[in-house]
Amino acid sequence: MHAAIYRNKGPAAEVLRVAPRPLPDVRAGEVRVKLAFSGVNPSDVKSRAGLTSKAMDWPEVIPHSDGAGVIDAVGPNMAPDAIGRRVWLFNAQWGRAHGTAAEYVALPAQQVVPLPDGASFEVGASIGIPLMTAFHAVVACGSLHGRTVLVPGAAGSVGWYAAQLARQAGARVIASVSGDEKARLAREAGADLVVNYKTEDLGARVRALTGGRGADCIIDVDAAANVQHYGELLAFGGKAVIYGSGGAHIPAPFRPLIMGFATLYFFIVYRLPAEALRHTIDGVTGLLERGTLKHPAVAVYDLEQIAAAHERVEQGANAKVLVRL
Ligand SMILES: NC(=O)c1ccc[n+]([C@@H]2O[C@H](COP(=O)([O-])OP(=O)(O)OC[C@H]3O[C@@H](n4cnc5c(N)ncnc54)[C@H](OP(=O)(O)O)[C@@H]3O)[C@@H](O)[C@H]2O)c1
């Protein structure tokens with residue numbers, strides 16, 4: 001099979017290349033998927049660039065956690081009826097060297113989920129990290145009916161789904177974005193109100209839009225930038241659900257947070273506890289079966305263009321970047 005690999009961390013064009021590799025063996029408890037698309041996420045790109053850790057955890061890495069395709073083999077002692085099933089998968093390169101930027105991947109069967117008939121392989125490869133993260137974030141907000149949710153970055157991969165799910169849960173959604181095109185996308189995702197955080201005072205605008213109360217929940221893409229304003233942005237007893245940060249340290253202001261009885265909740269989708277993971281997979285499956293979600297526009301690259309695909313994510317894609325296998 002062909003796979004994208006890197007043996008050192010660094011800039012995409014310097015370290016990524018495509019090479020022939022043996023078809024992965026399928027061990028007990030695993031299934032092998034012939035991939036149609038691999039999804040590229042910021043986390044894959046940051047790992048390859050050495051931003052998460054400079055050290056290589058394995059001599060060679062096939063990147064990417066998300067993907068979709070068809071099961072072509074199952075491990076010993078497993079029923080063969082899964083062969084031929086359309087699937088999406090998650091966490092492929094979490095704690096493992098071999099991810100989805102390859103024609104085949106072998107994974108524990110519990111990381112491989114049936115893809116409902118109405119969902120394309122492009123959708124299947126777009127949802128692992130973004131939709132699972134958005135789903136858990138919205139659940140973590142608690143009951144949202146009649147509440148206000150602030151979604152910074154609602155035009156981004158996670159934010160796009162978070163805005164839709166919060167809206168579907170009955171919330172009024174305020175999005176914060178950096179420009180007109182992202183404002184349009186945020187509205188398309190269901191944002192009721194959009195604030196340009198580059199040109200407007202976000203805290204003042206959110207207080208004005210909520211009659212002085214603040215938002216009940218923030219689903220935050222950039223805690224490093226926004227945490228200093230949480231006292232102003234959050235309603236009394238509000239909660240910030242934090243899945244991203246533009247910096248390694250977040251300068252949280254103690255007094256406004258303690259006076260506002262604020263809750264800060266951090267999570268990473270790779271390590272969802274078993275019950276939350278089950279709930280998320282079931283929820284995502286239900287959403288795909290109902291077909292009620294809008295999915296982002298995709299930007300598709302061939303495997304040979306792997307470096308360009310990573311660079312597109314680094315530049316801020318405004319689309320879901322996929323690699324076609
Ligand atoms: N915890 C987890 O499990 C988890 C899961 C998925 C992603 N993440 C992390 O979350 C981040 C976003 O991932 P993604 O896939 O959604 O990326 P993405 O598709 O690139 O979207 C990020 C969006 O956030 C916007 N943004 C950045 N800083 C902002 C700010 N201060 N206020 C408002 N909007 C802001 C960006 O646009 P502008 O820069 O133009 O504003 C962009 O539209 C990444 O850092 C990623 O590593 C974490």
# chains A, B, ... in the order shown; residues from 1 in each chain; ligands from 1
$ residues_around --residues "Asn8 of chain A" --least-positions-apart "4" --cutoff "10 Å" --atoms "only C-alpha atoms" --output "tab-separated table (two decimals) with N, CA, C and O atoms, in the first residue's frame"
chain	number	residue	atom	x	y	z
A	14	GLU	N	9.16	19.54	4.23
A	14	GLU	CA	10.48	18.93	4.50
A	14	GLU	C	10.39	17.51	5.02
A	14	GLU	O	11.25	16.68	4.74
A	15	VAL	N	9.36	17.20	5.80
A	15	VAL	CA	9.38	15.90	6.49
A	15	VAL	C	8.38	14.87	5.96
A	15	VAL	O	8.54	13.69	6.20
A	16	LEU	N	7.34	15.34	5.24
A	16	LEU	CA	6.32	14.39	4.77
A	16	LEU	C	6.70	13.84	3.41
A	16	LEU	O	7.13	14.59	2.53
A	48	ARG	N	3.00	16.74	13.78
A	48	ARG	CA	4.03	16.60	12.74
A	48	ARG	C	5.03	17.76	12.77
A	48	ARG	O	6.23	17.60	12.56
A	49	ALA	N	4.54	18.96	13.10
A	49	ALA	CA	5.42	20.13	13.14
A	49	ALA	C	6.31	20.13	14.38
A	49	ALA	O	7.28	20.88	14.45
A	50	GLY	N	5.99	19.29	15.37
A	50	GLY	CA	6.78	19.26	16.61
A	50	GLY	C	6.32	20.29	17.62
A	50	GLY	O	7.03	20.59	18.57
A	54	LYS	N	8.64	17.73	20.69
A	54	LYS	CA	9.69	17.72	19.64
A	54	LYS	C	10.15	16.29	19.34
A	54	LYS	O	10.63	15.98	18.27
A	55	ALA	N	9.97	15.38	20.34
A	55	ALA	CA	10.50	14.02	20.18
A	55	ALA	C	9.57	13.17	19.31
A	55	ALA	O	8.36	13.35	19.32
A	56	MET	N	10.16	12.25	18.55
A	56	MET	CA	9.39	11.25	17.81
A	56	MET	C	9.07	10.11	18.79
A	56	MET	O	9.96	9.56	19.42
A	58	TRP	N	7.72	7.31	17.81
A	58	TRP	CA	7.98	6.08	17.04
A	58	TRP	C	9.00	6.44	15.96
A	58	TRP	O	9.08	7.61	15.57
A	59	PRO	N	9.75	5.47	15.44
A	59	PRO	CA	10.74	5.81	14.40
A	59	PRO	C	10.08	6.42	13.16
A	59	PRO	O	10.67	7.25	12.48
A	60	GLU	N	8.83	5.99	12.88
A	60	GLU	CA	8.13	6.49	11.69
A	60	GLU	C	6.64	6.63	12.02
A	60	GLU	O	6.08	5.79	12.70
A	61	VAL	N	6.04	7.70	11.52
A	61	VAL	CA	4.61	7.93	11.78
A	61	VAL	C	3.86	8.05	10.46
A	61	VAL	O	4.31	8.74	9.54
$ residues_near_ligand --ligand "ligand 1" --cutoff "6 Å" --atoms "only C-alpha atoms and all ligand atoms" --output "list in words"
Asn41, Pro42, Ser43, Ile129, Pro130, Thr133, Pro152, Gly153, Ala155, Gly156, Ser157, Val158, Gly159, Ser176, Val177, Ser178, Val221, Asp222, Ala225, Tyr243, Gly244, Ser245, Phe267, Ile268, Val269 and Gly316 of chain A
$ write_last_selection --atoms "N, CA, C and O atoms" --output "mmCIF file, in the first residue's frame"
data_model
loop_
_atom_site.group_PDB
_atom_site.id
_atom_site.type_symbol
_atom_site.label_atom_id
_atom_site.label_comp_id
_atom_site.auth_asym_id
_atom_site.auth_seq_id
_atom_site.Cartn_x
_atom_site.Cartn_y
_atom_site.Cartn_z
ATOM 1 N N ASN A 41 -6.594 17.214 10.749
ATOM 2 C CA ASN A 41 -6.995 18.110 11.834
ATOM 3 C C ASN A 41 -5.791 18.892 12.357
ATOM 4 O O ASN A 41 -4.646 18.453 12.181
ATOM 5 N N PRO A 42 -6.050 20.043 13.014
ATOM 6 C CA PRO A 42 -4.930 20.830 13.548
ATOM 7 C C PRO A 42 -3.995 20.008 14.427
ATOM 8 O O PRO A 42 -2.776 20.184 14.388
ATOM 9 N N SER A 43 -4.546 19.071 15.174
ATOM 10 C CA SER A 43 -3.719 18.260 16.067
ATOM 11 C C SER A 43 -2.707 17.406 15.294
ATOM 12 O O SER A 43 -1.546 17.260 15.710
ATOM 13 N N ILE A 129 -12.722 13.835 14.850
ATOM 14 C CA ILE A 129 -12.349 14.822 15.869
ATOM 15 C C ILE A 129 -13.360 15.975 15.923
ATOM 16 O O ILE A 129 -13.863 16.300 17.005
ATOM 17 N N PRO A 130 -13.728 16.607 14.798
ATOM 18 C CA PRO A 130 -14.577 17.807 14.929
ATOM 19 C C PRO A 130 -15.961 17.555 15.530
ATOM 20 O O PRO A 130 -16.381 18.252 16.453
ATOM 21 N N THR A 133 -15.877 16.184 19.180
ATOM 22 C CA THR A 133 -15.521 17.266 20.113
ATOM 23 C C THR A 133 -16.708 18.196 20.330
ATOM 24 O O THR A 133 -17.044 18.546 21.472
ATOM 25 N N PRO A 152 -16.973 30.939 20.138
ATOM 26 C CA PRO A 152 -15.874 31.567 19.399
ATOM 27 C C PRO A 152 -15.407 30.619 18.292
ATOM 28 O O PRO A 152 -15.316 29.413 18.491
ATOM 29 N N GLY A 153 -15.140 31.165 17.112
ATOM 30 C CA GLY A 153 -14.649 30.329 16.005
ATOM 31 C C GLY A 153 -15.720 29.434 15.417
ATOM 32 O O GLY A 153 -15.443 28.296 15.025
ATOM 33 N N ALA A 155 -16.975 29.336 12.631
ATOM 34 C CA ALA A 155 -16.738 28.943 11.238
ATOM 35 C C ALA A 155 -15.702 27.832 11.146
ATOM 36 O O ALA A 155 -15.464 27.289 10.067
ATOM 37 N N GLY A 156 -15.073 27.463 12.259
ATOM 38 C CA GLY A 156 -14.049 26.422 12.253
ATOM 39 C C GLY A 156 -14.663 25.031 12.271
ATOM 40 O O GLY A 156 -15.882 24.873 12.415
ATOM 41 N N SER A 157 -13.826 24.015 12.146
ATOM 42 C CA SER A 157 -14.335 22.640 12.025
ATOM 43 C C SER A 157 -15.152 22.235 13.245
ATOM 44 O O SER A 157 -16.246 21.675 13.118
ATOM 45 N N VAL A 158 -14.640 22.477 14.446
ATOM 46 C CA VAL A 158 -15.389 22.114 15.654
ATOM 47 C C VAL A 158 -16.521 23.109 15.878
ATOM 48 O O VAL A 158 -17.668 22.726 16.143
ATOM 49 N N GLY A 159 -16.198 24.407 15.768
ATOM 50 C CA GLY A 159 -17.183 25.450 16.061
ATOM 51 C C GLY A 159 -18.420 25.351 15.179
ATOM 52 O O GLY A 159 -19.541 25.616 15.622
ATOM 53 N N SER A 176 -18.372 34.295 17.655
ATOM 54 C CA SER A 176 -17.377 35.355 17.453
ATOM 55 C C SER A 176 -16.409 34.884 16.378
ATOM 56 O O SER A 176 -15.944 33.743 16.406
ATOM 57 N N VAL A 177 -16.165 35.764 15.416
ATOM 58 C CA VAL A 177 -15.357 35.414 14.233
ATOM 59 C C VAL A 177 -14.440 36.583 13.883
ATOM 60 O O VAL A 177 -14.589 37.685 14.412
ATOM 61 N N SER A 178 -13.537 36.325 12.908
ATOM 62 C CA SER A 178 -12.539 37.344 12.593
ATOM 63 C C SER A 178 -12.855 38.157 11.337
ATOM 64 O O SER A 178 -12.112 39.074 11.012
ATOM 65 N N VAL A 221 -12.683 27.866 21.644
ATOM 66 C CA VAL A 221 -11.582 27.415 20.783
ATOM 67 C C VAL A 221 -10.257 28.041 21.204
ATOM 68 O O VAL A 221 -9.207 27.558 20.833
ATOM 69 N N ASP A 222 -10.286 29.135 21.981
ATOM 70 C CA ASP A 222 -9.052 29.856 22.276
ATOM 71 C C ASP A 222 -9.080 30.432 23.690
ATOM 72 O O ASP A 222 -9.257 31.634 23.896
ATOM 73 N N ALA A 225 -6.778 33.434 24.672
ATOM 74 C CA ALA A 225 -7.222 34.783 24.298
ATOM 75 C C ALA A 225 -8.459 35.209 25.090
ATOM 76 O O ALA A 225 -8.600 36.379 25.442
ATOM 77 N N TYR A 243 -12.006 23.553 24.645
ATOM 78 C CA TYR A 243 -11.381 22.476 23.866
ATOM 79 C C TYR A 243 -10.136 22.946 23.137
ATOM 80 O O TYR A 243 -9.415 22.121 22.565
ATOM 81 N N GLY A 244 -9.868 24.244 23.124
ATOM 82 C CA GLY A 244 -8.690 24.727 22.415
ATOM 83 C C GLY A 244 -8.084 25.941 23.094
ATOM 84 O O GLY A 244 -8.746 26.630 23.885
ATOM 85 N N SER A 245 -6.822 26.205 22.774
ATOM 86 C CA SER A 245 -6.149 27.390 23.295
ATOM 87 C C SER A 245 -5.050 27.794 22.329
ATOM 88 O O SER A 245 -4.287 26.938 21.866
ATOM 89 N N PHE A 267 -11.381 19.539 28.247
ATOM 90 C CA PHE A 267 -11.383 18.126 27.832
ATOM 91 C C PHE A 267 -10.639 17.967 26.514
ATOM 92 O O PHE A 267 -10.490 18.920 25.750
ATOM 93 N N ILE A 268 -10.206 16.741 26.265
ATOM 94 C CA ILE A 268 -9.590 16.407 24.974
ATOM 95 C C ILE A 268 -10.287 15.153 24.444
ATOM 96 O O ILE A 268 -10.478 14.186 25.184
ATOM 97 N N VAL A 269 -10.689 15.217 23.186
ATOM 98 C CA VAL A 269 -11.545 14.169 22.626
ATOM 99 C C VAL A 269 -10.827 12.816 22.584
ATOM 100 O O VAL A 269 -11.466 11.773 22.695
ATOM 101 N N GLY A 316 -5.251 27.936 8.018
ATOM 102 C CA GLY A 316 -6.652 28.204 8.376
ATOM 103 C C GLY A 316 -7.509 27.957 7.152
ATOM 104 O O GLY A 316 -7.717 28.840 6.316
#
$ closest_residue --among "A:Ser65, A:Thr263, A:Gln315, A:Thr210" --to "Gln93 of chain A" --atoms "only C-alpha atoms"
A:Ser65
$ select_by_dssp --residues "segment 11-165 of chain A" --states "alpha helix (DSSP H)" --output "PyMOL selection string"
chain A and resi 12-15+42-49+121-141+157-165
$ select_by_dssp --residues "segment 231-301 of chain A" --states "strand (DSSP E or B)" --output "list in words"
Leu234, Ala235, Phe236, Gly237, Gly238, Lys239, Ala240, Val241, Ile242, Thr263, Leu264, Tyr265, Phe266, Val298, Ala299, Val300 and Tyr301 of chain A
$ atom_distance --atom1 "atom CA of Ala73 of chain A" --atom2 "atom CA of Ala101 of chain A"
18.3 Å
$ closest_residue --among "A:Asp220, A:Asp66, A:Asp282, A:Asp180" --to "Phe266 of chain A" --atoms "only C-alpha atoms"
A:Asp220
$ atom_distance --atom1 "atom CA of Ala307 of chain A" --atom2 "atom CA of Thr52 of chain A"
18.4 Å
$ atom_distance --atom1 "atom CA of Leu288 of chain A" --atom2 "atom CA of Ala119 of chain A"
6.5 Å
$ decode --residues "segment 214-227 of chain A" --atoms "all heavy atoms" --output "CSV table (one decimal), in the first residue's frame"
chain,number,residue,atom,x,y,z
A,214,GLY,N,-24.7,38.1,30.2
A,214,GLY,CA,-23.6,37.2,29.8
A,214,GLY,C,-24.1,35.9,29.3
A,214,GLY,O,-25.4,35.6,29.4
A,215,ALA,N,-23.3,35.1,28.7
A,215,ALA,CA,-23.7,33.8,28.1
A,215,ALA,C,-23.7,32.7,29.2
A,215,ALA,O,-22.9,32.8,30.2
A,215,ALA,CB,-22.7,33.4,27.0
A,216,ASP,N,-24.6,31.8,29.1
A,216,ASP,CA,-24.7,30.7,30.0
A,216,ASP,C,-23.5,29.7,29.8
A,216,ASP,O,-23.1,29.0,30.8
A,216,ASP,CB,-26.0,29.9,29.9
A,216,ASP,CG,-27.2,30.9,30.2
A,216,ASP,OD1,-27.3,31.3,31.4
A,216,ASP,OD2,-27.9,31.3,29.2
A,217,CYS,N,-23.1,29.6,28.6
A,217,CYS,CA,-22.0,28.6,28.3
A,217,CYS,C,-21.1,29.2,27.2
A,217,CYS,O,-21.7,29.9,26.3
A,217,CYS,CB,-22.5,27.3,27.9
A,217,CYS,SG,-21.3,26.0,27.9
A,218,ILE,N,-19.8,29.0,27.3
A,218,ILE,CA,-18.9,29.4,26.2
A,218,ILE,C,-18.3,28.0,25.7
A,218,ILE,O,-17.8,27.3,26.6
A,218,ILE,CB,-17.8,30.3,26.7
A,218,ILE,CG1,-18.4,31.6,27.3
A,218,ILE,CG2,-16.9,30.7,25.5
A,218,ILE,CD1,-17.3,32.5,27.9
A,219,ILE,N,-18.3,27.8,24.4
A,219,ILE,CA,-17.6,26.6,23.9
A,219,ILE,C,-16.4,27.1,23.2
A,219,ILE,O,-16.4,27.6,22.1
A,219,ILE,CB,-18.5,25.8,23.0
A,219,ILE,CG1,-19.8,25.3,23.7
A,219,ILE,CG2,-17.8,24.6,22.3
A,219,ILE,CD1,-20.8,24.6,22.9
A,220,ASP,N,-15.2,27.1,23.9
A,220,ASP,CA,-14.1,27.9,23.6
A,220,ASP,C,-13.0,27.3,22.8
A,220,ASP,O,-12.4,26.2,23.2
A,220,ASP,CB,-13.5,28.6,24.8
A,220,ASP,CG,-12.8,29.9,24.5
A,220,ASP,OD1,-12.7,30.2,23.3
A,220,ASP,OD2,-12.3,30.6,25.4
A,221,VAL,N,-12.7,27.9,21.6
A,221,VAL,CA,-11.6,27.4,20.8
A,221,VAL,C,-10.3,28.0,21.2
A,221,VAL,O,-9.2,27.6,20.8
A,221,VAL,CB,-11.9,27.8,19.3
A,221,VAL,CG1,-11.9,29.3,19.1
A,221,VAL,CG2,-10.9,27.1,18.3
A,222,ASP,N,-10.3,29.1,22.0
A,222,ASP,CA,-9.1,29.9,22.3
A,222,ASP,C,-9.1,30.4,23.7
A,222,ASP,O,-9.3,31.6,23.9
A,222,ASP,CB,-8.8,31.0,21.2
A,222,ASP,CG,-7.5,31.6,21.4
A,222,ASP,OD1,-6.7,31.2,22.3
A,222,ASP,OD2,-7.2,32.5,20.6
A,223,ALA,N,-8.9,29.5,24.7
A,223,ALA,CA,-8.9,30.0,26.1
A,223,ALA,C,-7.9,31.0,26.4
A,223,ALA,O,-8.1,31.9,27.2
A,223,ALA,CB,-8.8,28.8,27.0
A,224,ALA,N,-6.7,30.9,25.8
A,224,ALA,CA,-5.6,31.8,26.1
A,224,ALA,C,-6.0,33.3,25.8
A,224,ALA,O,-5.7,34.2,26.5
A,224,ALA,CB,-4.3,31.5,25.3
A,225,ALA,N,-6.8,33.4,24.7
A,225,ALA,CA,-7.2,34.8,24.3
A,225,ALA,C,-8.5,35.2,25.1
A,225,ALA,O,-8.6,36.4,25.4
A,225,ALA,CB,-7.5,34.8,22.8
A,226,ASN,N,-9.4,34.3,25.4
A,226,ASN,CA,-10.7,34.7,25.9
A,226,ASN,C,-10.8,34.6,27.4
A,226,ASN,O,-11.7,35.2,27.9
A,226,ASN,CB,-11.8,33.8,25.2
A,226,ASN,CG,-11.9,34.1,23.7
A,226,ASN,OD1,-11.7,35.2,23.3
A,226,ASN,ND2,-12.2,33.1,22.9
A,227,VAL,N,-10.0,33.8,28.1
A,227,VAL,CA,-10.2,33.6,29.5
A,227,VAL,C,-10.2,34.9,30.3
A,227,VAL,O,-11.0,35.0,31.3
A,227,VAL,CB,-9.2,32.6,30.1
A,227,VAL,CG1,-7.8,33.2,30.2
A,227,VAL,CG2,-9.6,32.0,31.4
